[in-house]
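Structure file run39.cif (mmCIF, C-alpha atoms) follows.
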data_run
loop_
_atom_site.label_atom_id
_atom_site.label_comp_id
_atom_site.auth_asym_id
_atom_site.auth_seq_id
_atom_site.Cartn_x
_atom_site.Cartn_y
_atom_site.Cartn_z
CA MET A 1 41.38 50.12 137.95
CA GLN A 2 41.34 48.30 141.25
CA GLU A 3 38.00 47.61 142.90
CA LYS A 4 38.95 49.57 146.02
CA ALA A 5 39.26 52.71 143.85
CA ARG A 6 35.63 52.32 142.71
CA VAL A 7 34.14 53.41 146.02
CA PRO A 8 34.02 56.93 147.51
CA ALA A 9 35.96 57.87 150.65
CA ILE A 10 32.69 58.37 152.58
CA ARG A 11 29.38 56.59 152.04
CA PHE A 12 26.22 55.73 153.94
CA ALA A 13 26.11 52.63 156.13
CA GLY A 14 24.93 49.45 154.46
CA PHE A 15 26.37 50.16 151.02
CA THR A 16 29.47 48.23 150.02
CA ASP A 17 29.17 47.48 146.29
CA ALA A 18 31.68 49.06 143.95
CA TRP A 19 30.45 51.96 141.83
CA GLU A 20 30.26 51.49 138.09
CA GLN A 21 32.02 53.55 135.45
CA ARG A 22 29.88 54.84 132.61
CA LYS A 23 29.79 57.60 130.05
CA LEU A 24 27.41 60.36 131.08
CA GLY A 25 25.42 59.79 127.88
CA GLU A 26 24.61 56.25 129.03
CA ILE A 27 22.65 57.40 132.09
CA VAL A 28 20.97 60.53 130.73
CA GLU A 29 19.17 61.53 127.54
CA PHE A 30 20.66 64.71 126.10
CA ASN A 31 18.56 67.51 124.58
CA PRO A 32 15.32 65.58 124.02
CA LYS A 33 13.23 67.00 121.18
CA ALA A 34 9.93 68.70 121.95
CA GLU A 35 7.54 71.11 120.29
CA LEU A 36 7.50 74.52 121.95
CA PRO A 37 4.19 75.76 123.41
CA SER A 38 2.71 79.01 122.15
CA GLU A 39 3.76 80.87 125.33
CA PHE A 40 6.39 80.03 127.93
CA GLU A 41 8.87 81.34 130.49
CA TYR A 42 12.30 81.75 128.91
CA VAL A 43 15.43 80.96 130.94
CA ASP A 44 18.70 82.36 129.57
CA LEU A 45 22.28 81.98 130.82
CA GLU A 46 21.91 84.87 133.28
CA SER A 47 18.76 83.37 134.81
CA VAL A 48 20.48 80.68 136.89
CA VAL A 49 22.97 81.55 139.62
CA GLY A 50 24.48 78.65 141.49
CA THR A 51 21.70 76.10 141.77
CA GLU A 52 18.85 78.66 141.84
CA MET A 53 16.75 80.20 139.09
CA VAL A 54 16.79 83.92 139.90
CA SER A 55 14.87 85.23 136.89
CA HIS A 56 12.91 84.34 133.74
CA ARG A 57 10.74 86.21 131.30
CA THR A 58 7.56 85.48 129.36
CA GLU A 59 8.01 84.85 125.63
CA ASN A 60 5.95 83.41 122.81
CA ARG A 61 6.97 81.00 120.09
CA GLN A 62 6.91 83.58 117.28
CA THR A 63 9.07 86.27 118.93
CA ALA A 64 11.29 84.25 121.27
CA PRO A 65 15.09 84.21 120.75
CA SER A 66 16.34 81.48 118.44
CA ARG A 67 18.25 79.98 121.39
CA ALA A 68 14.97 79.21 123.19
CA GLN A 69 14.74 75.50 122.36
CA ARG A 70 14.97 73.34 125.50
CA LEU A 71 11.44 72.61 126.76
CA ALA A 72 11.78 71.58 130.41
CA LYS A 73 10.18 68.55 131.99
CA TRP A 74 10.06 67.79 135.72
CA GLY A 75 13.37 66.20 136.77
CA ASP A 76 15.46 67.54 133.87
CA LEU A 77 18.91 68.85 134.75
CA PHE A 78 20.09 71.92 132.84
CA TYR A 79 23.87 72.12 132.68
CA GLN A 80 25.57 75.39 131.72
CA THR A 81 27.90 74.49 128.86
CA VAL A 82 29.51 77.97 128.66
CA ARG A 83 31.99 78.73 131.45
CA PRO A 84 31.03 75.55 133.32
CA TYR A 85 33.38 76.47 136.17
CA GLN A 86 30.64 78.85 137.35
CA LYS A 87 28.49 75.80 138.23
CA ASN A 88 25.25 77.55 137.31
CA ASN A 89 23.16 74.39 136.91
CA PHE A 90 19.48 73.87 137.63
CA LEU A 91 17.39 70.82 138.47
CA PHE A 92 13.94 71.58 137.08
CA GLU A 93 11.15 70.83 139.57
CA ILE A 94 8.43 73.35 138.71
CA ALA A 95 4.89 72.19 138.05
CA GLU A 96 3.16 75.37 136.87
CA LYS A 97 3.68 76.93 133.43
CA TYR A 98 5.96 75.91 130.60
CA TYR A 99 9.65 76.76 130.85
CA VAL A 100 12.05 76.83 127.92
CA PHE A 101 15.81 77.05 128.45
CA SER A 102 18.49 78.52 126.23
CA THR A 103 20.71 76.29 124.11
CA GLY A 104 23.51 77.57 126.33
CA TYR A 105 22.39 74.73 128.62
CA ALA A 106 22.69 71.04 127.93
CA GLN A 107 19.38 69.44 128.86
CA MET A 108 19.82 66.11 130.65
CA ARG A 109 16.90 63.76 131.31
CA PRO A 110 18.39 61.30 133.83
CA CYS A 111 17.61 57.66 134.49
CA VAL A 112 19.32 58.05 137.89
CA ASP A 113 18.24 60.08 140.91
CA GLY A 114 18.04 63.71 139.80
CA TYR A 115 19.64 65.32 142.83
CA PHE A 116 22.39 62.71 142.86
CA LEU A 117 23.23 63.75 139.30
CA MET A 118 22.90 67.42 140.21
CA SER A 119 25.46 66.97 143.00
CA LEU A 120 27.76 64.88 140.84
CA VAL A 121 28.11 67.63 138.21
CA GLN A 122 28.94 70.16 140.98
CA ASN A 123 31.93 68.05 141.99
CA GLU A 124 35.27 69.76 141.26
CA ARG A 125 36.70 66.61 139.68
CA PHE A 126 33.82 66.48 137.20
CA VAL A 127 34.17 70.20 136.44
CA LYS A 128 37.91 69.77 135.82
CA VAL A 129 37.29 66.96 133.32
CA VAL A 130 34.71 69.11 131.55
CA LEU A 131 37.06 72.10 131.41
CA ASP A 132 39.80 69.90 129.97
CA ASN A 133 37.44 69.14 127.09
CA CYS A 134 36.21 72.69 126.56
CA THR A 135 37.15 74.89 123.62
CA GLY A 136 37.84 78.62 123.87
CA THR A 137 39.74 80.61 126.48
CA SER A 138 37.74 83.65 127.59
CA TYR A 139 34.47 81.73 127.28
CA PRO A 140 35.35 78.03 127.53
CA ALA A 141 32.47 75.88 126.34
CA ILE A 142 31.67 72.22 125.76
CA ASN A 143 29.09 70.81 123.38
CA ALA A 144 26.53 68.19 124.39
CA ASN A 145 28.21 65.42 122.36
CA ASP A 146 31.54 65.84 124.17
CA LEU A 147 29.75 66.21 127.51
CA ALA A 148 27.96 62.90 126.86
CA LEU A 149 31.35 61.16 126.52
CA THR A 150 32.51 62.29 129.97
CA GLU A 151 33.32 59.30 132.19
CA ILE A 152 31.57 59.22 135.56
CA PHE A 153 31.23 56.75 138.46
CA TYR A 154 27.87 56.08 140.08
CA PRO A 155 26.19 53.51 142.34
CA VAL A 156 23.89 51.24 140.34
CA GLY A 157 21.48 50.84 143.24
CA THR A 158 18.86 53.60 143.36
CA ALA A 159 18.73 53.48 147.19
CA GLU A 160 22.29 54.84 147.52
CA GLN A 161 21.68 57.40 144.79
CA GLN A 162 18.59 58.63 146.62
CA LYS A 163 20.33 58.85 150.00
CA ILE A 164 23.11 60.93 148.49
CA GLY A 165 20.57 63.07 146.66
CA ILE A 166 18.49 63.67 149.80
CA PHE A 167 21.63 64.58 151.77
CA PHE A 168 22.78 67.21 149.28
CA ARG A 169 19.24 68.53 148.78
CA SER A 170 19.05 69.20 152.54
CA LEU A 171 22.50 70.76 152.57
CA ASP A 172 21.66 73.01 149.60
CA HIS A 173 18.41 74.00 151.33
CA LEU A 174 20.37 75.13 154.41
CA ILE A 175 22.84 77.04 152.25
CA THR A 176 20.00 78.76 150.42
CA LEU A 177 18.31 79.75 153.70
CA HIS A 178 21.49 81.31 155.08
CA GLN A 179 22.23 82.97 151.75
CA ARG A 180 18.78 84.58 151.80
CA LYS A 181 19.14 85.67 155.43
CA TYR A 182 22.54 87.14 154.64
CA SER A 183 21.22 88.91 151.54
CA ARG A 184 18.21 90.29 153.46
CA LEU A 185 20.46 91.66 156.21
CA CYS A 186 22.73 93.26 153.62
CA ASN A 187 19.68 94.90 152.03
CA VAL A 188 18.51 96.10 155.46
CA LYS A 189 21.94 97.63 156.06
CA LYS A 190 21.91 99.29 152.65
CA SER A 191 18.49 100.81 153.40
CA MET A 192 19.58 101.99 156.86
CA LEU A 193 22.71 103.61 155.45
CA GLU A 194 20.46 105.57 153.10
CA LYS A 195 17.83 106.55 155.71
CA MET A 196 19.62 106.90 159.08
CA PHE A 197 22.02 109.54 157.78
CA PRO A 198 21.04 112.83 156.07
CA LYS A 199 20.97 112.93 152.29
CA ASP A 200 22.85 115.64 150.40
CA GLY A 201 21.56 119.06 151.45
CA ALA A 202 19.40 117.72 154.32
CA SER A 203 19.99 118.44 158.01
CA VAL A 204 18.08 115.46 159.44
CA PRO A 205 17.88 111.78 158.41
CA VAL A 206 14.71 110.15 157.08
CA ILE A 207 14.44 107.89 160.13
CA ARG A 208 15.93 108.34 163.61
CA PHE A 209 15.55 107.07 167.16
CA ALA A 210 12.69 108.37 169.33
CA GLY A 211 13.49 111.41 171.43
CA PHE A 212 15.84 113.09 168.95
CA THR A 213 14.44 116.04 167.00
CA ASP A 214 17.26 118.61 166.69
CA ALA A 215 18.76 119.30 163.30
CA TRP A 216 22.23 117.86 162.73
CA GLU A 217 25.16 120.32 162.58
CA GLN A 218 27.87 120.64 159.97
CA ARG A 219 31.46 119.99 161.04
CA LYS A 220 34.78 119.53 159.29
CA LEU A 221 36.28 116.06 159.65
CA GLY A 222 39.53 117.68 160.80
CA GLU A 223 37.70 118.74 163.99
CA ILE A 224 36.89 115.17 164.99
CA LEU A 225 39.65 112.95 163.62
CA GLN A 226 43.40 112.86 164.16
CA GLU A 227 45.97 111.23 161.92
CA ARG A 228 48.16 108.56 163.52
CA ASN A 229 51.13 107.03 161.77
CA THR A 230 52.76 104.85 164.41
CA ARG A 231 55.18 102.43 162.76
CA THR A 232 55.68 98.81 163.78
CA SER A 233 59.20 99.63 164.98
CA ASP A 234 57.70 102.00 167.56
CA PHE A 235 55.34 99.40 168.96
CA GLU A 236 56.48 96.78 171.44
CA SER A 237 53.47 94.43 171.62
CA ASN A 238 53.53 91.12 169.78
CA PRO A 239 52.19 89.66 167.65
CA LEU A 240 51.12 92.07 164.94
CA TYR A 241 49.00 90.90 162.01
CA SER A 242 49.21 92.48 158.62
CA LEU A 243 46.95 93.65 155.84
CA THR A 244 48.32 94.66 152.45
CA ILE A 245 47.06 97.42 150.20
CA GLU A 246 45.57 94.71 147.96
CA SER A 247 43.93 92.42 150.54
CA GLY A 248 42.95 94.90 153.20
CA VAL A 249 39.98 97.22 153.50
CA THR A 250 37.79 97.03 150.40
CA PRO A 251 34.17 97.75 149.55
CA LYS A 252 33.42 94.08 150.27
CA THR A 253 34.94 93.75 153.74
CA ASP A 254 36.09 95.82 156.66
CA ARG A 255 37.13 92.82 158.76
CA TYR A 256 40.71 92.44 159.86
CA GLU A 257 42.01 88.98 159.15
CA ARG A 258 44.95 87.50 161.00
CA SER A 259 46.65 86.75 157.72
CA SER A 260 50.36 86.98 158.43
CA LEU A 261 52.75 87.99 161.16
CA VAL A 262 54.81 91.14 160.91
CA THR A 263 58.20 91.57 162.56
CA LYS A 264 59.09 94.81 164.32
CA THR A 265 61.84 95.40 161.76
CA GLU A 266 59.30 96.00 159.01
CA ASP A 267 59.11 99.75 159.55
CA LEU A 268 56.97 100.39 156.49
CA PHE A 269 53.92 98.99 158.27
CA LYS A 270 51.58 101.18 160.30
CA VAL A 271 49.89 100.15 163.55
CA VAL A 272 46.08 100.18 163.93
CA LYS A 273 44.77 99.95 167.50
CA PRO A 274 41.20 98.95 168.45
CA ASN A 275 38.60 101.59 167.48
CA GLU A 276 41.00 103.31 165.10
CA PHE A 277 40.26 103.81 161.41
CA VAL A 278 42.22 102.88 158.35
CA THR A 279 41.57 104.21 154.86
CA ASN A 280 42.89 103.39 151.43
CA PRO A 281 43.17 106.95 150.06
CA MET A 282 43.38 105.63 146.49
CA ASN A 283 39.95 103.96 146.77
CA LEU A 284 38.19 105.98 149.44
CA ARG A 285 35.39 106.99 147.09
CA PHE A 286 34.50 103.30 146.74
CA GLY A 287 34.08 102.86 150.49
CA ALA A 288 37.59 101.56 151.14
CA LEU A 289 37.50 102.40 154.81
CA GLY A 290 36.97 100.49 158.03
CA TYR A 291 37.90 100.48 161.67
CA ASN A 292 39.54 97.97 163.92
CA LYS A 293 36.67 96.32 165.81
CA SER A 294 38.96 93.61 167.15
CA THR A 295 40.61 93.56 170.56
CA PHE A 296 44.07 93.05 169.08
CA VAL A 297 46.41 95.43 167.31
CA VAL A 298 46.94 94.98 163.59
CA SER A 299 49.36 96.51 161.12
CA VAL A 300 48.69 97.72 157.61
CA SER A 301 50.68 98.67 154.56
CA GLY A 302 52.24 102.10 154.68
CA TYR A 303 50.00 103.11 151.79
CA TYR A 304 47.08 103.35 154.21
CA ASP A 305 46.17 106.38 156.31
CA VAL A 306 45.40 105.66 159.97
CA PHE A 307 43.44 107.97 162.24
CA SER A 308 41.44 108.03 165.45
CA ILE A 309 38.15 109.74 166.34
CA ASP A 310 37.89 112.29 169.16
CA ASP A 311 35.50 109.97 171.01
CA ASP A 312 35.98 106.23 170.46
CA LYS A 313 32.38 105.66 171.57
CA CYS A 314 31.38 107.08 168.18
CA SER A 315 33.56 104.77 166.06
CA GLY A 316 30.55 102.69 165.00
CA PHE A 317 28.68 105.83 163.94
CA TRP A 318 31.50 107.06 161.72
CA ASN A 319 32.30 103.62 160.37
CA SER A 320 28.75 103.45 159.00
CA TYR A 321 28.49 107.10 157.99
CA PHE A 322 31.62 106.87 155.85
CA LYS A 323 29.96 104.11 153.80
CA THR A 324 26.74 105.97 153.00
CA PRO A 325 25.85 107.19 149.48
CA THR A 326 26.15 110.75 150.82
CA ALA A 327 29.71 110.14 152.01
CA MET A 328 30.62 108.42 148.74
CA ASN A 329 29.50 111.53 146.84
CA ILE A 330 31.56 113.76 149.13
CA PHE A 331 34.66 111.59 148.69
CA ASP A 332 34.12 111.35 144.94
CA ASN A 333 33.93 115.13 144.57
CA ALA A 334 37.08 115.53 146.69
CA ALA A 335 39.16 112.95 144.83
CA THR A 336 41.94 114.12 142.53
CA GLY A 337 43.63 112.33 139.66
CA SER A 338 42.29 110.55 136.60
CA LEU A 339 40.39 107.28 136.38
CA ILE A 340 43.43 105.76 134.67
CA GLU A 341 45.76 106.95 137.44
CA LYS A 342 43.84 106.03 140.59
CA ARG A 343 41.96 108.95 142.10
CA ARG A 344 43.09 109.91 145.58
CA VAL A 345 41.63 111.71 148.62
CA LYS A 346 44.60 113.15 150.49
CA TYR A 347 44.48 113.36 154.28
CA SER A 348 44.82 117.15 154.12
CA THR A 349 41.76 117.18 151.87
CA LEU A 350 39.90 114.72 154.11
CA GLN A 351 40.29 117.11 157.05
CA GLN A 352 38.47 119.87 155.17
CA LEU A 353 35.45 117.79 154.16
CA VAL A 354 32.19 118.87 155.80
CA PHE A 355 29.82 116.26 157.25
CA CYS A 356 26.45 116.73 158.91
CA MET A 357 26.40 115.10 162.37
CA PRO A 358 24.13 114.93 165.46
CA ARG A 359 24.69 117.55 168.15
CA ASP A 360 23.78 115.02 170.81
CA LEU A 361 26.54 112.49 171.54
CA SER A 362 23.98 109.90 172.69
CA GLU A 363 22.36 109.89 169.23
CA LYS A 364 25.72 109.11 167.61
CA ILE A 365 26.28 106.29 170.09
CA LYS A 366 22.82 104.79 169.49
CA ILE A 367 23.26 104.86 165.73
CA GLY A 368 26.73 103.34 166.05
CA LYS A 369 25.55 100.52 168.31
CA CYS A 370 22.62 99.78 166.01
CA MET A 371 24.85 99.54 162.94
CA ASP A 372 27.49 97.54 164.81
CA THR A 373 24.83 95.04 165.90
CA LEU A 374 23.65 94.73 162.31
CA ASP A 375 27.23 94.24 161.09
CA HIS A 376 27.67 91.54 163.73
CA LEU A 377 24.56 89.70 162.51
CA ILE A 378 25.72 89.98 158.90
CA THR A 379 29.13 88.58 159.83
CA LEU A 380 27.56 85.68 161.75
CA HIS A 381 25.37 84.66 158.80
CA GLN A 382 28.25 85.13 156.40
CA ARG A 383 30.44 82.81 158.45
CA LYS A 384 27.65 80.23 158.80
CA LEU A 385 27.16 80.39 155.05
CA GLU A 386 30.90 79.95 154.43
CA ARG A 387 31.04 76.97 156.81
CA LEU A 388 28.12 75.27 155.07
CA GLN A 389 29.69 75.92 151.67
CA ASN A 390 32.97 74.41 152.90
CA ILE A 391 31.09 71.39 154.27
CA LYS A 392 29.41 70.90 150.89
CA LYS A 393 32.73 71.23 149.07
CA SER A 394 34.31 68.61 151.33
CA CYS A 395 31.34 66.24 150.98
CA LEU A 396 31.37 66.59 147.19
CA GLU A 397 35.05 65.60 147.21
CA LYS A 398 34.59 62.59 149.49
CA MET A 399 31.15 61.24 148.56
CA PHE A 400 31.89 60.94 144.83
CA ILE A 401 34.66 59.27 142.89
#

Now, as a test, write the supplied structure out as structure tokens.
Amino acid sequence: MQEKARVPAIRFAGFTDAWEQRKLGEIVEFNPKAELPSEFEYVDLESVVGTEMVSHRTENRQTAPSRAQRLAKWGDLFYQTVRPYQKNNFLFEIAEKYYVFSTGYAQMRPCVDGYFLMSLVQNERFVKVVLDNCTGTSYPAINANDLALTEIFYPVGTAEQQKIGIFFRSLDHLITLHQRKYSRLCNVKKSMLEKMFPKDGASVPVIRFAGFTDAWEQRKLGEILQERNTRTSDFESNPLYSLTIESGVTPKTDRYERSSLVTKTEDLFKVVKPNEFVTNPMNLRFGALGYNKSTFVVSVSGYYDVFSIDDDKCSGFWNSYFKTPTAMNIFDNAATGSLIEKRRVKYSTLQQLVFCMPRDLSEKIKIGKCMDTLDHLITLHQRKLERLQNIKKSCLEKMFI
């Protein structure tokens, strides 16, 4: 290999020496032996998600699972050897208590900077090499001996290792912060969906804005929504952007993505204007519904139903209401078909469904604006999180060989 290939594409100023090639087992000690304490915190394969420990449980030496064998020491790196593509790896830096990890992790005690090594094993090139040496298909796994033979490149000087480690530690810290903010906002939204709309059989929500005390009234959806099935051939504006039945509105997203252009000759597509709703009738009971918050017109697969609300100022209210546990129960009870053949809520059935709603239009508008603002914040944090994750991915590709 030529010397110029032994340096990463990007590195910190002042470092010019070529990186050295070694087997992983030459720079770390694998699975060091240790006597287990009488009581400890047990970490199994479900306890680490990404680079974070999300759970553990107290065990004692006599009753602990037989897989509880890896006694952690500060600075040890625990590498998930089963399905390593998940990258659920943990750098142990906990001072209090004893922690023992499952044998589903390879325990590495490095003689290089710990966070440098942590970042190196997150690199896609490293993961690919590991997967190439795994056995099994559904649950690919690699044993510690084969992992120790994996060839890696690293800078011999500890100063460069530490700089790289500090950089990725800071980046991971930012990602974790945004992930937590995003998760908290999602939990806030979940709670508000449960409490700002009446539960089954109730006529008022648990919490509501000041000044509103009247009971909500029951109305059929057919009284407030109108079906619209305008085809792309009937619409003159360009461009139109498409969603398919597979990639469109799902329980995970109600954002419209400008994924692909649609020509006016594709008559099977339906047009969705701003503030109009689109539903996947096959998956409505799972929350497969959203509305076009964008300022541009989109088109969707003909499998979708498209409809508008009698007052577009209330779109935000209904967009949130349709995703509540109460609404999911209503849709579930109205769905026809078996679980094998996807259950469906027909539009004619949707019109007959009874929902409890505020009598005062201003209450609907306030709830809608509140939920829209929350959705906006969630989207902002989600996008920040995605950008940081993309930055990390790019840096991992370019700062390692």

The PyMOL selection byres ((chain A and resi 77) around 8) resolved against shown file, as a compact mmCIF listing (two decimals) with C-alpha atoms, keeping the file's coordinate frame:
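As a result, result_24.txt now contains:
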# COMPACT_ATOMS: atom_id res chain seq x y z
CA GLY A 75 13.37 66.20 136.77
CA ASP A 76 15.46 67.54 133.87
CA PHE A 78 20.09 71.92 132.84
CA TYR A 79 23.87 72.12 132.68
CA ASN A 89 23.16 74.39 136.91
CA PHE A 90 19.48 73.87 137.63
CA LEU A 91 17.39 70.82 138.47
CA PHE A 92 13.94 71.58 137.08
CA GLN A 107 19.38 69.44 128.86
CA MET A 108 19.82 66.11 130.65
CA ARG A 109 16.90 63.76 131.31
CA PRO A 110 18.39 61.30 133.83
CA GLY A 114 18.04 63.71 139.80
CA MET A 118 22.90 67.42 140.21

Output, as lines of an AutoDock Vina configuration file, the centre and edge lengths in Å (one decimal) of the axis-aligned box that contains all listed atoms of stretch 67-78 of chain A with 8 Å of margin on each side.
center_x = 15.1
center_y = 73.1
center_z = 129.1
size_x = 26.0
size_y = 29.8
size_z = 31.4

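Comparing the minimum interatomic distances between A:Gly50 and each of A:Gln389, A:Ala215, A:Arg344, A:Thr324, counting only C-alpha atoms, we find that A:Gln389 sits nearest.
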
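Proximity of A:Arg180, A:Lys313, A:Lys189, A:Arg231 to A:Thr373, computed with only C-alpha atoms, is greatest for A:Lys189.
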
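The residue that comes closest to A:Glu52, out of A:Val127, A:Leu177, A:Leu71, A:Ala13 and on the basis of all atoms listed in the file, is A:Leu177.
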
Using only C-alpha atoms, which residues sit within 12 Å of stretch 53-56 of chain A once same-chain residues fewer than 5 positions away are excluded, as a PDB file with C-alpha atoms, keeping the file's coordinate frame?
ATOM      1  CA  PHE A  40       6.390  80.030 127.930  1.00  0.00           C
ATOM      2  CA  GLU A  41       8.870  81.340 130.490  1.00  0.00           C
ATOM      3  CA  TYR A  42      12.300  81.750 128.910  1.00  0.00           C
ATOM      4  CA  VAL A  43      15.430  80.960 130.940  1.00  0.00           C
ATOM      5  CA  ASP A  44      18.700  82.360 129.570  1.00  0.00           C
ATOM      6  CA  LEU A  45      22.280  81.980 130.820  1.00  0.00           C
ATOM      7  CA  GLU A  46      21.910  84.870 133.280  1.00  0.00           C
ATOM      8  CA  SER A  47      18.760  83.370 134.810  1.00  0.00           C
ATOM      9  CA  VAL A  48      20.480  80.680 136.890  1.00  0.00           C
ATOM     10  CA  ALA A  68      14.970  79.210 123.190  1.00  0.00           C
ATOM     11  CA  PHE A  78      20.090  71.920 132.840  1.00  0.00           C
ATOM     12  CA  ASN A  88      25.250  77.550 137.310  1.00  0.00           C
ATOM     13  CA  ASN A  89      23.160  74.390 136.910  1.00  0.00           C
ATOM     14  CA  PHE A  90      19.480  73.870 137.630  1.00  0.00           C
ATOM     15  CA  LEU A  91      17.390  70.820 138.470  1.00  0.00           C
ATOM     16  CA  PHE A  92      13.940  71.580 137.080  1.00  0.00           C
ATOM     17  CA  GLU A  93      11.150  70.830 139.570  1.00  0.00           C
ATOM     18  CA  ILE A  94       8.430  73.350 138.710  1.00  0.00           C
ATOM     19  CA  LYS A  97       3.680  76.930 133.430  1.00  0.00           C
ATOM     20  CA  TYR A  98       5.960  75.910 130.600  1.00  0.00           C
ATOM     21  CA  TYR A  99       9.650  76.760 130.850  1.00  0.00           C
ATOM     22  CA  VAL A 100      12.050  76.830 127.920  1.00  0.00           C
ATOM     23  CA  PHE A 101      15.810  77.050 128.450  1.00  0.00           C
ATOM     24  CA  SER A 102      18.490  78.520 126.230  1.00  0.00           C
ATOM     25  CA  THR A 176      20.000  78.760 150.420  1.00  0.00           C
TER      26      THR A 176
END

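Put simply, atom CA of A:Ala64 is 10.1 Å away from atom CA of A:Ser38.
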
Practice prompt. Might you pull out every residue within 12 Å of A:Leu350, with only C-alpha atoms counted and same-chain residues fewer than 6 positions away left off, and present them as an MDAnalysis selection string?
Written response: chainID A and resid 220:227 279 281 284:285 305 307 322 327 330:336 344

Can you write just those residues out, C-alpha atoms, as a compact mmCIF listing (two decimals), in the coordinates of the input?
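Saved file again-v9.txt follows:
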# COMPACT_ATOMS: atom_id res chain seq x y z
CA LYS A 220 34.78 119.53 159.29
CA LEU A 221 36.28 116.06 159.65
CA GLY A 222 39.53 117.68 160.80
CA GLU A 223 37.70 118.74 163.99
CA ILE A 224 36.89 115.17 164.99
CA LEU A 225 39.65 112.95 163.62
CA GLN A 226 43.40 112.86 164.16
CA GLU A 227 45.97 111.23 161.92
CA THR A 279 41.57 104.21 154.86
CA PRO A 281 43.17 106.95 150.06
CA LEU A 284 38.19 105.98 149.44
CA ARG A 285 35.39 106.99 147.09
CA ASP A 305 46.17 106.38 156.31
CA PHE A 307 43.44 107.97 162.24
CA PHE A 322 31.62 106.87 155.85
CA ALA A 327 29.71 110.14 152.01
CA ILE A 330 31.56 113.76 149.13
CA PHE A 331 34.66 111.59 148.69
CA ASP A 332 34.12 111.35 144.94
CA ASN A 333 33.93 115.13 144.57
CA ALA A 334 37.08 115.53 146.69
CA ALA A 335 39.16 112.95 144.83
CA THR A 336 41.94 114.12 142.53
CA ARG A 344 43.09 109.91 145.58

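Within 12 Å of A:Ser203, once all atoms listed in the file are used and residues closer than 2 positions along the same chain are dropped, the contacting residues are Met196, Phe197, Pro198, Lys199, Asp200, Gly201, Pro205, Val206, Thr213, Asp214, Ala215, Trp216, Glu217, Gln218, Arg219, Phe355, Cys356, Met357, Pro358 and Arg359 of chain A.
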
Worksheet, complete the sentence: Counting only C-alpha atoms, the residue among A:Lys163, A:Thr295, A:His178, A:Tyr105 that lies closest to A:Gly14 is A:Lys163

Practice prompt. Can you work out which one of A:Thr137, A:Gln179, A:Asn229, A:Asn31 has the shortest atom-to-atom distance to A:Val300, counting all atoms listed in the file?
Written response: A:Asn229

Item to complete: Go ahead and compute the interatomic distance for atom CA of A:Pro274 and atom CA of A:Glu363, in Å to one decimal.
Response: 21.8 Å

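Going from atom CA of A:Arg70 over to atom CA of A:Val112, you cover 20.2 Å.
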
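Between A:Tyr139 and the candidates A:Leu185, A:Val82, A:Ile10, A:Leu117, the tightest atom-to-atom separation, counting all atoms listed in the file, involves A:Val82.
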
Practice prompt. Run the PyMOL selection byres ((chain A and resi 395-398) around 7) against the file shown and list the residues it catches, as a PyMOL selection string.
Written response: chain A and resi 8-10+123+391-394+399-400

Item to complete: Tell me which protein, DNA and RNA residues are within 8 Å of A:Val272, counting only C-alpha atoms, leaving out same-chain ones fewer than 3 positions away, and put them as a PyMOL selection string.
Response: chain A and resi 276-278+292+297-300+306

Write to file, as a short mmCIF file (atom, residue, chain, number, x, y, z; two decimals), in the frame of the given file, the residues of the selection just made, with C-alpha atoms.
data_model
loop_
_atom_site.label_atom_id
_atom_site.label_comp_id
_atom_site.auth_asym_id
_atom_site.auth_seq_id
_atom_site.Cartn_x
_atom_site.Cartn_y
_atom_site.Cartn_z
CA GLU A 276 41.00 103.31 165.10
CA PHE A 277 40.26 103.81 161.41
CA VAL A 278 42.22 102.88 158.35
CA ASN A 292 39.54 97.97 163.92
CA VAL A 297 46.41 95.43 167.31
CA VAL A 298 46.94 94.98 163.59
CA SER A 299 49.36 96.51 161.12
CA VAL A 300 48.69 97.72 157.61
CA VAL A 306 45.40 105.66 159.97
#

Find the spatial neighbours of A:Phe116, counting only C-alpha atoms, within a cut-off of 10 Å - ignore same-chain residues fewer than 3 positions away - and output them as a PDB file with C-alpha atoms, in the frame of the given file.
ATOM      1  CA  PRO A 110      18.390  61.300 133.830  1.00  0.00           C
ATOM      2  CA  VAL A 112      19.320  58.050 137.890  1.00  0.00           C
ATOM      3  CA  ASP A 113      18.240  60.080 140.910  1.00  0.00           C
ATOM      4  CA  SER A 119      25.460  66.970 143.000  1.00  0.00           C
ATOM      5  CA  LEU A 120      27.760  64.880 140.840  1.00  0.00           C
ATOM      6  CA  VAL A 121      28.110  67.630 138.210  1.00  0.00           C
ATOM      7  CA  TYR A 154      27.870  56.080 140.080  1.00  0.00           C
ATOM      8  CA  PRO A 155      26.190  53.510 142.340  1.00  0.00           C
ATOM      9  CA  THR A 158      18.860  53.600 143.360  1.00  0.00           C
ATOM     10  CA  GLU A 160      22.290  54.840 147.520  1.00  0.00           C
ATOM     11  CA  GLN A 161      21.680  57.400 144.790  1.00  0.00           C
ATOM     12  CA  GLN A 162      18.590  58.630 146.620  1.00  0.00           C
ATOM     13  CA  LYS A 163      20.330  58.850 150.000  1.00  0.00           C
ATOM     14  CA  ILE A 164      23.110  60.930 148.490  1.00  0.00           C
ATOM     15  CA  GLY A 165      20.570  63.070 146.660  1.00  0.00           C
ATOM     16  CA  ILE A 166      18.490  63.670 149.800  1.00  0.00           C
ATOM     17  CA  PHE A 167      21.630  64.580 151.770  1.00  0.00           C
ATOM     18  CA  PHE A 168      22.780  67.210 149.280  1.00  0.00           C
ATOM     19  CA  ARG A 169      19.240  68.530 148.780  1.00  0.00           C
ATOM     20  CA  PHE A 400      31.890  60.940 144.830  1.00  0.00           C
TER      21      PHE A 400
END
